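*Asks:* One structure, pasted below without further comment.
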Amino acid sequence: MTPRALAASLAASLAVAANAMAASAPATETARLTSQYTDWVGGKANAEALVTGLRNGSPITIVTSGADHTVSIAGFTPSAPMSYSAVASALAGAHRSLTRMGISRPTAEQIQAALIGGEVMLPSGAAAQMRGAVAARGAGPSQVAGR
């Protein structure tokens, strides 16, 4: 094989490898963040919805079930797509804020409030206002339902 043909072959191989690595990086980062927050947000579907929705700026709906069989549903749409580092920072901040308030197994509404702002019911029964780490589309908090 001539040096020129060898160089062309090597360049083609590197291009294919670079494309493969670039394609797997987002999937790997999504999987890492999803895995990191699955337990905290009440399941893999909620974690995937949050990571994907925040990353893409697309609508997010999460559903949690309480120990007393109550169901909590919340949804919002981020105002813009976010980088993976911004998604990680927003979720970490929401987790930290709720943990400081004594909430270790948050409802969907509490997760939403920690992310976009709103009122949260504390374990003591008192209400606390949260600022939120993510801007949401629309004039105010999204529709929230609980049963």
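Residues in the structure tokens are named by chain (A, B, ... in the order shown) and by number from 1 within that chain; ligands are numbered from 1 in the order shown.
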Fewer than 6 positions away in the same chain doesn't count, so skip those; otherwise give me all residues within 12 Å of Gly93 (chain A), counting only C-alpha atoms, as a ChimeraX atom specification.

*Replies:* /A:86-87,99-100,111,113-116,130-134

*Asks:* Can you pull out every residue within 12 Å of Met121 (chain A), counting only C-alpha atoms, but drop anything in the same chain fewer than 4 positions away, and send it as a PyMOL selection string?

*Replies:* chain A and resi 98+101-103+106-111+113-114+125-130

*Asks:* Rank A:Ala90, A:Val41, A:Ala47, A:Ala136 by their smallest atom-to-atom distance to Gly66 (chain A), using only C-alpha atoms, and report the top residue only.

*Replies:* A:Val41

*Asks:* Nearest to Lys44 (chain A) among A:Ala27, A:Thr70, A:Pro123, A:Thr64, with distances taken over only C-alpha atoms: which residue is it?

*Replies:*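 Nearest to Lys44 (chain A): A:Thr64.
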
*Asks:* Counting only C-alpha atoms, what is within 12 Å of Gln36 (chain A), bar same-chain residues fewer than 3 positions away, as a PDB file with C-alpha atoms, in the first residue's frame?

*Replies:*
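The file below, result.pdb, is the result:
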ATOM      1  CA  GLU A  29     -24.733  11.503  28.878  1.00  0.00           C
ATOM      2  CA  THR A  30     -28.520  11.078  28.761  1.00  0.00           C
ATOM      3  CA  ALA A  31     -28.207   7.587  30.259  1.00  0.00           C
ATOM      4  CA  ARG A  32     -25.853   8.829  32.992  1.00  0.00           C
ATOM      5  CA  LEU A  33     -28.158  11.672  34.050  1.00  0.00           C
ATOM      6  CA  ASP A  39     -34.766   7.049  42.258  1.00  0.00           C
ATOM      7  CA  TRP A  40     -35.151  10.677  43.276  1.00  0.00           C
ATOM      8  CA  VAL A  41     -37.797  11.560  40.653  1.00  0.00           C
ATOM      9  CA  GLY A  42     -39.859   8.412  41.116  1.00  0.00           C
ATOM     10  CA  GLY A  43     -38.744   6.204  38.246  1.00  0.00           C
ATOM     11  CA  LYS A  44     -36.905   5.866  34.984  1.00  0.00           C
ATOM     12  CA  ASN A  46     -39.763  10.506  34.937  1.00  0.00           C
ATOM     13  CA  ALA A  47     -35.965  10.800  34.804  1.00  0.00           C
ATOM     14  CA  GLU A  48     -35.966  10.287  31.026  1.00  0.00           C
ATOM     15  CA  LEU A  50     -36.883  15.422  32.640  1.00  0.00           C
ATOM     16  CA  VAL A  51     -33.473  14.908  31.033  1.00  0.00           C
ATOM     17  CA  ALA A  88     -27.155  18.353  35.324  1.00  0.00           C
ATOM     18  CA  LEU A  91     -31.439  18.765  38.470  1.00  0.00           C
ATOM     19  CA  ALA A  92     -28.691  18.896  41.107  1.00  0.00           C
ATOM     20  CA  HIS A  95     -32.469  17.995  44.383  1.00  0.00           C
TER      21      HIS A  95
END

*Asks:* Suppose you want the space between CA of Thr38 (chain A) and CA of Ser104 (chain A); what is it in Å?

*Replies:*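 One can read the CA of Thr38 (chain A) to CA of Ser104 (chain A) distance as 13.0 Å.
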
*Asks:* Hey, what does DSSP flag as strand (DSSP E) within region 17-81 of chain A? Can you give it to me as a compact mmCIF listing (two decimals) with C-alpha atoms, in the first residue's frame?

*Replies:*
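Printed below is states17.txt as written:
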# COMPACT_ATOMS: atom_id res chain seq x y z
CA ILE A 60 -42.18 17.47 30.22
CA THR A 61 -44.80 15.49 32.13
CA ILE A 62 -43.93 13.54 35.26
CA VAL A 63 -46.09 11.34 37.48
CA THR A 64 -45.21 10.20 40.99
CA SER A 65 -46.99 7.92 43.44
CA VAL A 71 -50.76 10.30 42.47
CA SER A 72 -49.06 13.56 41.61
CA ILE A 73 -48.90 14.83 38.02
CA ALA A 74 -47.00 17.89 36.83
CA GLY A 75 -45.90 19.27 33.52
CA PHE A 76 -44.13 22.22 31.99

*Asks:* Please determine, counting only C-alpha atoms, which residue among A:Gly117, A:Thr52, A:Ala67, A:Thr28 has the shortest atom-to-atom distance to Ala94 (chain A).

*Replies:*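 Looking at the shortest contact to Ala94 (chain A), the residue is A:Gly117.
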
*Asks:* What's the separation between CA of Ala135 (chain A) and CA of Arg96 (chain A), in Å to one decimal place?

*Replies:*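 Going from CA of Ala135 (chain A) over to CA of Arg96 (chain A), I get 18.0 Å.
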
*Asks:* Could you jot down the CA of Glu119 (chain A) to CA of Pro81 (chain A) separation for me, Å, one decimal place?

*Replies:*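 Atom-to-atom, CA of Glu119 (chain A) and CA of Pro81 (chain A) are spaced 24.5 Å apart.
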
*Asks:* Between A:Arg137, A:Arg55, A:Leu122, A:Tyr37, single out the one closest to Ser85 (chain A), counting only C-alpha atoms.

*Replies:*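 Closest residue, counting only C-alpha atoms: A:Arg55.
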